[in-house]
There are 2 protein chains.
Amino acid sequence: MASKQSTQHKILDAAQSLFAETGFNDTSLRQITSLAEVNLASVNYHFGSKKELIQAVLQRYLLVLMPRLDQEFIRLLAAQQPNSISQVLSVFVKPLLELNKVHQNGTRMFLQLLGRGYTDVQGHLRWFFNHHYGAVLDKLVLLVQQACPALPPSELFWRLHFSLGTVVFTMASNEALAEIAEADFNENVDIEGVILRLLPYLSAAIAAPVPTIAQFSQTVPVAAGEGR
Amino acid sequence: MASKQSTQHKILDAAQSLFAETGFNDTSLRQITSLAEVNLASVNYHFGSKKELIQAVLQRYLLVLMPRLDQEFIRLLAAQQPNSISQVLSVFVKPLLELNKVHQNGTRMFLQLLGRGYTDVQGHLRWFFNHHYGAVLDKLVLLVQQACPALPPSELFWRLHFSLGTVVFTMASNEALAEIAEADFNENVDIEGVILRLLPYLSAAIAAPVPTIAQFSQTVPVAAGEGR
DNA sequence: TTTAGATTCAAACGTACATTTCAAACAGGT
DNA sequence: ACCTGTTTGAAATGTACGTTTGAATCTAAA
């Protein structure tokens, strides 16, 4: 069943599983080629290096996801009246879940890999992302701006990154969290369930009121500067 | 100035910097001892192993932070009427910022290390955390439950973990984000600024309304199951 | 000053890693 | 069946890692 795919394909499948589970740097080519049941040298033959293999694993999903997201963003931008933040975030759901067609558990794999990429290889992925898909992300920023006109640009910047953190960290530790949730609450939690739980959380977070200085000093007494 | 501290102290300082920046597994003892200007063998002599060094680095902060948080939680729990979610989250600010007394940039260091621990050594830190500080965390859960009585326990579980992800990821990539923010918005962003931005974001997120099934099908058309 | 214990030091150990090498096996077109 | 380019195979290369070792050095009490 899994035997008649090409060596490259077998390597990609094995690599993404191990990368997602253990991280990029902590996964060796020996583990990958062993799981894929191919020769050690074939990774360097087909992909050149471990670094290029990592890129190939990510690209398999990004090439499907990003054009899909782009067309959704274009659709929303063409709407007559501005979309709500909830509507904007909702367009992520289908494209993300369609990654399950790329590979079994593709959605979870991709989001875990994304998280690994952001924490493992500091900066590299972020640069790669902005360079290749900056235009898509710009559309997202514009949509959120329209949905939350009261939000200053800098506040929006931070909140979008907060949200990225929420998603990426959740997916990185998804397995462990799902185990706990099932044990404690008898809930069967799949990736779609987590994504649907994230939507209202992130919507409320991004659209949260921007506190004034006056409001601050009520909840945070003197802000703990101590020795200003 | 930095020369008359003990070898153990020098190792701890060097280790936490490198751990926070590069992660636990990707930081070698040779890098640490080189930065600390001590002999390679002294890590194993003073701490036993790399694993125990990691624990020692984290403990230096946890032993200060957790009792501090515990007493804040106890104070809030003694209040007559339930506290707002904003009030509950606000008590984190002072104890976290006081970690700057433990070491320069202690707050950022600790939060970065926390993030590393959660993604690098899967499970280990989480177990350690719950085992040693489970009672403190239980108080937090109780406080949030009182602040958001409409939230089902399982939803609360997920939202607290979402929030942990937000904080931890933000701090892990804090340097890069702060650089971008300064370049794009001319804002001087320190760790306290980020924490204060996180408060309203997280408060709104945790207290977000729990959507009903009916509300879902409005924003998420058919939930992309495709082949149910 | 001697001496016992604590600490530092240079060197080595064994293991694992990514990558390279080059011969062997394989493929399809002639 | 023969050749040509592609792919696989086993083995080796050089580097880096965590840890161990045993002698040298420091420290302070006797």
# chains A, B, ... in the order shown; residues from 1 in each chain; ligands from 1

call {"tool": "closest_atom_pairs", "arguments": {"of": "chain A", "to": "chain D", "cutoff": "9 Å", "atoms": "only C-alpha atoms (C1' of nucleotides)", "output": "CSV"}}
result
residue,atom,partner,partner_atom,distance
A:Val38,CA,D:DT8,C1',8.6
A:Asn39,CA,D:DG9,C1',7.1
A:Ala41,CA,D:DT8,C1',8.6
A:Ser42,CA,D:DT8,C1',7.6
A:Tyr45,CA,D:DT7,C1',8.9

call {"tool": "write_last_selection", "arguments": {"atoms": "N, CA and C atoms", "output": "PDB file, in the first residue's frame"}}
result
ATOM      1  N   VAL A  38      14.254   3.889   2.954  1.00  0.00           N
ATOM      2  CA  VAL A  38      15.091   4.206   1.789  1.00  0.00           C
ATOM      3  C   VAL A  38      16.525   4.376   2.278  1.00  0.00           C
ATOM      4  N   ASN A  39      17.430   4.483   1.328  1.00  0.00           N
ATOM      5  CA  ASN A  39      18.839   4.621   1.689  1.00  0.00           C
ATOM      6  C   ASN A  39      19.134   6.017   2.233  1.00  0.00           C
ATOM      7  N   ALA A  41      21.582   7.968   1.734  1.00  0.00           N
ATOM      8  CA  ALA A  41      22.113   8.935   0.772  1.00  0.00           C
ATOM      9  C   ALA A  41      21.033   9.526  -0.126  1.00  0.00           C
ATOM     10  N   SER A  42      19.864   8.906  -0.167  1.00  0.00           N
ATOM     11  CA  SER A  42      18.856   9.346  -1.133  1.00  0.00           C
ATOM     12  C   SER A  42      18.290  10.724  -0.805  1.00  0.00           C
ATOM     13  N   TYR A  45      20.623  13.016  -2.389  1.00  0.00           N
ATOM     14  CA  TYR A  45      20.508  12.866  -3.845  1.00  0.00           C
ATOM     15  C   TYR A  45      19.286  13.595  -4.384  1.00  0.00           C
TER      16      TYR A  45
END

call {"tool": "interface_residues", "arguments": {"of": "chain A", "to": "chain B", "cutoff": "7 Å", "atoms": "only C-alpha atoms", "output": "MDAnalysis selection string"}}
result
chainID A and resid 87 90 94 97 154 162:163 165:166 169:170 172:173 185 200:202 204:206 208 219:220 224

call {"tool": "select_by_dssp", "arguments": {"residues": "region 6-204 of chain A", "states": "alpha helix (DSSP H)", "output": "PDB file with C-alpha atoms, in the first residue's frame"}}
result
ATOM      1  CA  THR A   7      11.494   7.483  -3.015  1.00  0.00           C
ATOM      2  CA  GLN A   8      11.026  11.244  -2.918  1.00  0.00           C
ATOM      3  CA  HIS A   9       7.420  10.830  -1.796  1.00  0.00           C
ATOM      4  CA  LYS A  10       8.351   8.318   0.880  1.00  0.00           C
ATOM      5  CA  ILE A  11      11.020  10.666   2.192  1.00  0.00           C
ATOM      6  CA  LEU A  12       8.632  13.619   2.288  1.00  0.00           C
ATOM      7  CA  ASP A  13       6.006  11.636   4.187  1.00  0.00           C
ATOM      8  CA  ALA A  14       8.451  10.274   6.726  1.00  0.00           C
ATOM      9  CA  ALA A  15      10.154  13.628   7.130  1.00  0.00           C
ATOM     10  CA  GLN A  16       7.001  15.597   7.823  1.00  0.00           C
ATOM     11  CA  SER A  17       5.867  13.158  10.496  1.00  0.00           C
ATOM     12  CA  LEU A  18       9.164  13.245  12.320  1.00  0.00           C
ATOM     13  CA  PHE A  19       9.645  16.982  11.814  1.00  0.00           C
ATOM     14  CA  ALA A  20       6.207  17.702  13.240  1.00  0.00           C
ATOM     15  CA  GLU A  21       6.753  15.439  16.216  1.00  0.00           C
ATOM     16  CA  THR A  22      10.366  16.139  17.126  1.00  0.00           C
ATOM     17  CA  LEU A  29      18.213  12.024   8.330  1.00  0.00           C
ATOM     18  CA  ARG A  30      18.843   8.549   9.652  1.00  0.00           C
ATOM     19  CA  GLN A  31      15.487   8.523  11.416  1.00  0.00           C
ATOM     20  CA  ILE A  32      13.798   9.796   8.278  1.00  0.00           C
ATOM     21  CA  THR A  33      15.375   7.354   5.854  1.00  0.00           C
ATOM     22  CA  SER A  34      14.842   4.527   8.306  1.00  0.00           C
ATOM     23  CA  LEU A  35      11.129   5.282   8.634  1.00  0.00           C
ATOM     24  CA  ALA A  36      10.820   5.815   4.897  1.00  0.00           C
ATOM     25  CA  ALA A  41      22.113   8.935   0.772  1.00  0.00           C
ATOM     26  CA  SER A  42      18.856   9.346  -1.133  1.00  0.00           C
ATOM     27  CA  VAL A  43      17.889  12.457   0.811  1.00  0.00           C
ATOM     28  CA  ASN A  44      20.961  14.302  -0.379  1.00  0.00           C
ATOM     29  CA  TYR A  45      20.508  12.866  -3.845  1.00  0.00           C
ATOM     30  CA  HIS A  46      16.896  13.955  -4.262  1.00  0.00           C
ATOM     31  CA  PHE A  47      16.781  17.108  -2.183  1.00  0.00           C
ATOM     32  CA  LYS A  50      18.493  18.568   4.954  1.00  0.00           C
ATOM     33  CA  LYS A  51      17.675  22.262   4.735  1.00  0.00           C
ATOM     34  CA  GLU A  52      16.188  21.875   1.278  1.00  0.00           C
ATOM     35  CA  LEU A  53      14.212  18.865   2.462  1.00  0.00           C
ATOM     36  CA  ILE A  54      12.630  21.008   5.166  1.00  0.00           C
ATOM     37  CA  GLN A  55      11.679  23.585   2.557  1.00  0.00           C
ATOM     38  CA  ALA A  56      10.238  20.896   0.297  1.00  0.00           C
ATOM     39  CA  VAL A  57       8.100  19.522   3.114  1.00  0.00           C
ATOM     40  CA  LEU A  58       6.669  22.970   3.846  1.00  0.00           C
ATOM     41  CA  GLN A  59       6.241  23.911   0.196  1.00  0.00           C
ATOM     42  CA  ARG A  60       4.051  20.879  -0.447  1.00  0.00           C
ATOM     43  CA  TYR A  61       1.430  22.499   1.777  1.00  0.00           C
ATOM     44  CA  LEU A  62       2.110  26.180   1.138  1.00  0.00           C
ATOM     45  CA  LEU A  63       1.676  25.781  -2.618  1.00  0.00           C
ATOM     46  CA  VAL A  64      -1.820  24.459  -1.966  1.00  0.00           C
ATOM     47  CA  LEU A  65      -2.810  26.674   0.940  1.00  0.00           C
ATOM     48  CA  MET A  66      -1.633  30.143   0.017  1.00  0.00           C
ATOM     49  CA  PRO A  67      -3.279  30.530  -3.426  1.00  0.00           C
ATOM     50  CA  ARG A  68      -6.431  29.150  -1.831  1.00  0.00           C
ATOM     51  CA  LEU A  69      -6.265  31.755   0.963  1.00  0.00           C
ATOM     52  CA  ASP A  70      -5.446  34.468  -1.554  1.00  0.00           C
ATOM     53  CA  GLN A  71      -8.593  33.829  -3.556  1.00  0.00           C
ATOM     54  CA  GLU A  72     -10.679  33.815  -0.380  1.00  0.00           C
ATOM     55  CA  PHE A  73      -9.211  37.148   0.657  1.00  0.00           C
ATOM     56  CA  ILE A  74      -9.890  38.608  -2.781  1.00  0.00           C
ATOM     57  CA  ARG A  75     -13.472  37.424  -2.527  1.00  0.00           C
ATOM     58  CA  LEU A  76     -13.927  39.102   0.859  1.00  0.00           C
ATOM     59  CA  LEU A  77     -12.281  42.306  -0.282  1.00  0.00           C
ATOM     60  CA  ILE A  85     -13.609  39.799  12.077  1.00  0.00           C
ATOM     61  CA  SER A  86     -15.391  36.500  12.551  1.00  0.00           C
ATOM     62  CA  GLN A  87     -16.109  36.276   8.842  1.00  0.00           C
ATOM     63  CA  VAL A  88     -12.491  37.048   7.986  1.00  0.00           C
ATOM     64  CA  LEU A  89     -11.089  34.365  10.266  1.00  0.00           C
ATOM     65  CA  SER A  90     -13.658  31.848   9.066  1.00  0.00           C
ATOM     66  CA  VAL A  93     -11.097  26.966   8.002  1.00  0.00           C
ATOM     67  CA  LYS A  94     -11.831  25.402   4.620  1.00  0.00           C
ATOM     68  CA  PRO A  95      -8.391  25.941   3.049  1.00  0.00           C
ATOM     69  CA  LEU A  96      -6.715  24.603   6.174  1.00  0.00           C
ATOM     70  CA  LEU A  97      -8.911  21.529   6.349  1.00  0.00           C
ATOM     71  CA  LEU A  99      -4.748  20.218   3.464  1.00  0.00           C
ATOM     72  CA  ASN A 100      -6.009  16.850   4.613  1.00  0.00           C
ATOM     73  CA  LYS A 101      -6.316  16.044   0.914  1.00  0.00           C
ATOM     74  CA  VAL A 102      -2.619  16.695   0.400  1.00  0.00           C
ATOM     75  CA  GLY A 106      -2.189  17.186   6.514  1.00  0.00           C
ATOM     76  CA  THR A 107      -3.821  20.041   8.399  1.00  0.00           C
ATOM     77  CA  ARG A 108      -2.338  19.082  11.730  1.00  0.00           C
ATOM     78  CA  MET A 109       1.004  18.285  10.133  1.00  0.00           C
ATOM     79  CA  PHE A 110       1.221  21.630   8.385  1.00  0.00           C
ATOM     80  CA  LEU A 111       0.270  23.687  11.411  1.00  0.00           C
ATOM     81  CA  GLN A 112       2.714  21.770  13.589  1.00  0.00           C
ATOM     82  CA  LEU A 113       5.437  22.296  11.013  1.00  0.00           C
ATOM     83  CA  LEU A 114       4.581  25.987  10.911  1.00  0.00           C
ATOM     84  CA  GLY A 115       5.006  26.181  14.656  1.00  0.00           C
ATOM     85  CA  ARG A 116       8.275  24.273  14.526  1.00  0.00           C
ATOM     86  CA  GLY A 117       9.536  26.531  11.797  1.00  0.00           C
ATOM     87  CA  TYR A 118       8.806  29.645  13.753  1.00  0.00           C
ATOM     88  CA  THR A 119      10.562  28.526  16.922  1.00  0.00           C
ATOM     89  CA  ASP A 120      13.237  26.158  15.587  1.00  0.00           C
ATOM     90  CA  HIS A 124      14.408  32.059   8.472  1.00  0.00           C
ATOM     91  CA  LEU A 125      10.823  30.972   8.059  1.00  0.00           C
ATOM     92  CA  ARG A 126       9.461  34.406   8.813  1.00  0.00           C
ATOM     93  CA  TRP A 127      11.618  35.894   6.072  1.00  0.00           C
ATOM     94  CA  PHE A 128      10.712  33.157   3.627  1.00  0.00           C
ATOM     95  CA  PHE A 129       7.053  33.669   4.427  1.00  0.00           C
ATOM     96  CA  ASN A 130       6.971  37.417   3.981  1.00  0.00           C
ATOM     97  CA  HIS A 131       9.094  37.240   0.876  1.00  0.00           C
ATOM     98  CA  HIS A 132       6.990  34.666  -0.949  1.00  0.00           C
ATOM     99  CA  TYR A 133       3.548  35.405   0.400  1.00  0.00           C
ATOM    100  CA  GLY A 134       3.724  38.995   1.547  1.00  0.00           C
ATOM    101  CA  ALA A 135       1.019  40.051  -0.891  1.00  0.00           C
ATOM    102  CA  VAL A 136      -1.395  37.504   0.559  1.00  0.00           C
ATOM    103  CA  LEU A 137      -0.692  38.586   4.115  1.00  0.00           C
ATOM    104  CA  ASP A 138      -1.170  42.225   3.168  1.00  0.00           C
ATOM    105  CA  LYS A 139      -4.709  41.394   2.082  1.00  0.00           C
ATOM    106  CA  LEU A 140      -5.366  39.784   5.445  1.00  0.00           C
ATOM    107  CA  VAL A 141      -4.124  42.850   7.278  1.00  0.00           C
ATOM    108  CA  LEU A 142      -6.376  45.027   5.145  1.00  0.00           C
ATOM    109  CA  LEU A 143      -9.396  42.839   5.872  1.00  0.00           C
ATOM    110  CA  VAL A 144      -8.790  42.909   9.607  1.00  0.00           C
ATOM    111  CA  GLN A 145      -8.316  46.653   9.435  1.00  0.00           C
ATOM    112  CA  GLN A 146     -11.692  47.000   7.751  1.00  0.00           C
ATOM    113  CA  ALA A 147     -13.296  44.698  10.284  1.00  0.00           C
ATOM    114  CA  PRO A 153      -2.135  49.839  13.037  1.00  0.00           C
ATOM    115  CA  SER A 154       0.461  49.019  15.672  1.00  0.00           C
ATOM    116  CA  GLU A 155      -2.124  47.385  17.905  1.00  0.00           C
ATOM    117  CA  LEU A 156      -3.330  45.365  14.932  1.00  0.00           C
ATOM    118  CA  PHE A 157       0.221  44.272  14.216  1.00  0.00           C
ATOM    119  CA  TRP A 158       0.683  42.940  17.715  1.00  0.00           C
ATOM    120  CA  ARG A 159      -2.684  41.246  17.870  1.00  0.00           C
ATOM    121  CA  LEU A 160      -2.158  39.423  14.603  1.00  0.00           C
ATOM    122  CA  HIS A 161       1.137  38.114  15.922  1.00  0.00           C
ATOM    123  CA  PHE A 162      -0.466  37.184  19.218  1.00  0.00           C
ATOM    124  CA  SER A 163      -3.001  35.234  17.190  1.00  0.00           C
ATOM    125  CA  LEU A 164      -0.341  33.526  15.144  1.00  0.00           C
ATOM    126  CA  GLY A 165       1.231  32.485  18.417  1.00  0.00           C
ATOM    127  CA  THR A 166      -2.017  31.081  19.676  1.00  0.00           C
ATOM    128  CA  VAL A 167      -2.511  28.933  16.605  1.00  0.00           C
ATOM    129  CA  VAL A 168       1.053  27.835  16.194  1.00  0.00           C
ATOM    130  CA  PHE A 169       1.654  26.928  19.827  1.00  0.00           C
ATOM    131  CA  THR A 170      -1.664  25.128  20.066  1.00  0.00           C
ATOM    132  CA  MET A 171      -0.834  23.000  17.072  1.00  0.00           C
ATOM    133  CA  ALA A 172       2.719  22.366  18.201  1.00  0.00           C
ATOM    134  CA  ASN A 174      -1.780  19.625  19.941  1.00  0.00           C
ATOM    135  CA  GLU A 175      -1.236  15.935  20.602  1.00  0.00           C
ATOM    136  CA  ALA A 176      -0.554  16.412  24.280  1.00  0.00           C
ATOM    137  CA  LEU A 177      -3.470  18.824  24.696  1.00  0.00           C
ATOM    138  CA  ALA A 178      -5.872  16.513  22.904  1.00  0.00           C
ATOM    139  CA  GLU A 179      -4.819  13.646  25.160  1.00  0.00           C
ATOM    140  CA  ILE A 180      -5.459  15.678  28.290  1.00  0.00           C
ATOM    141  CA  ALA A 181      -8.786  16.927  26.962  1.00  0.00           C
ATOM    142  CA  GLU A 182      -9.962  13.412  26.206  1.00  0.00           C
ATOM    143  CA  ALA A 183      -8.822  12.111  29.573  1.00  0.00           C
ATOM    144  CA  ASP A 184     -10.336  14.973  31.577  1.00  0.00           C
ATOM    145  CA  PHE A 185     -13.495  15.786  29.647  1.00  0.00           C
ATOM    146  CA  ILE A 191      -8.022  19.146  14.427  1.00  0.00           C
ATOM    147  CA  GLU A 192     -11.293  20.548  13.107  1.00  0.00           C
ATOM    148  CA  GLY A 193     -12.645  20.769  16.629  1.00  0.00           C
ATOM    149  CA  VAL A 194      -9.643  22.741  17.777  1.00  0.00           C
ATOM    150  CA  ILE A 195      -9.857  25.114  14.818  1.00  0.00           C
ATOM    151  CA  LEU A 196     -13.525  25.755  15.473  1.00  0.00           C
ATOM    152  CA  ARG A 197     -12.756  26.471  19.116  1.00  0.00           C
ATOM    153  CA  LEU A 198     -10.076  28.908  18.063  1.00  0.00           C
ATOM    154  CA  LEU A 199     -12.397  31.040  15.937  1.00  0.00           C
ATOM    155  CA  PRO A 200     -14.499  32.733  18.639  1.00  0.00           C
ATOM    156  CA  TYR A 201     -11.440  33.003  20.876  1.00  0.00           C
ATOM    157  CA  LEU A 202      -9.379  34.799  18.248  1.00  0.00           C
ATOM    158  CA  SER A 203     -12.275  36.902  16.994  1.00  0.00           C
ATOM    159  CA  ALA A 204     -12.924  38.319  20.434  1.00  0.00           C
TER     160      ALA A 204
END

call {"tool": "closest_residue", "arguments": {"among": "C:DA27, C:DA16, C:DT21, C:DA10", "to": "chain B", "atoms": "only C-alpha atoms (C1' of nucleotides)"}}
result
C:DA10

call {"tool": "interface_residues", "arguments": {"of": "chain C", "to": "chain B", "cutoff": "9 Å", "atoms": "only C-alpha atoms (C1' of nucleotides)", "output": "JSON, numbers by chain"}}
result
{"C": [7, 8, 9]}

call {"tool": "atom_distance", "arguments": {"atom1": "CA of His103 (chain B)", "atom2": "CA of Phe24 (chain B)"}}
result
19.1 Å

call {"tool": "atom_distance", "arguments": {"atom1": "CA of Ser28 (chain A)", "atom2": "CA of Gly48 (chain A)"}}
result
15.0 Å

call {"tool": "atom_distance", "arguments": {"atom1": "CA of Ser49 (chain A)", "atom2": "C1' of DA18 (chain C)"}}
result
8.2 Å
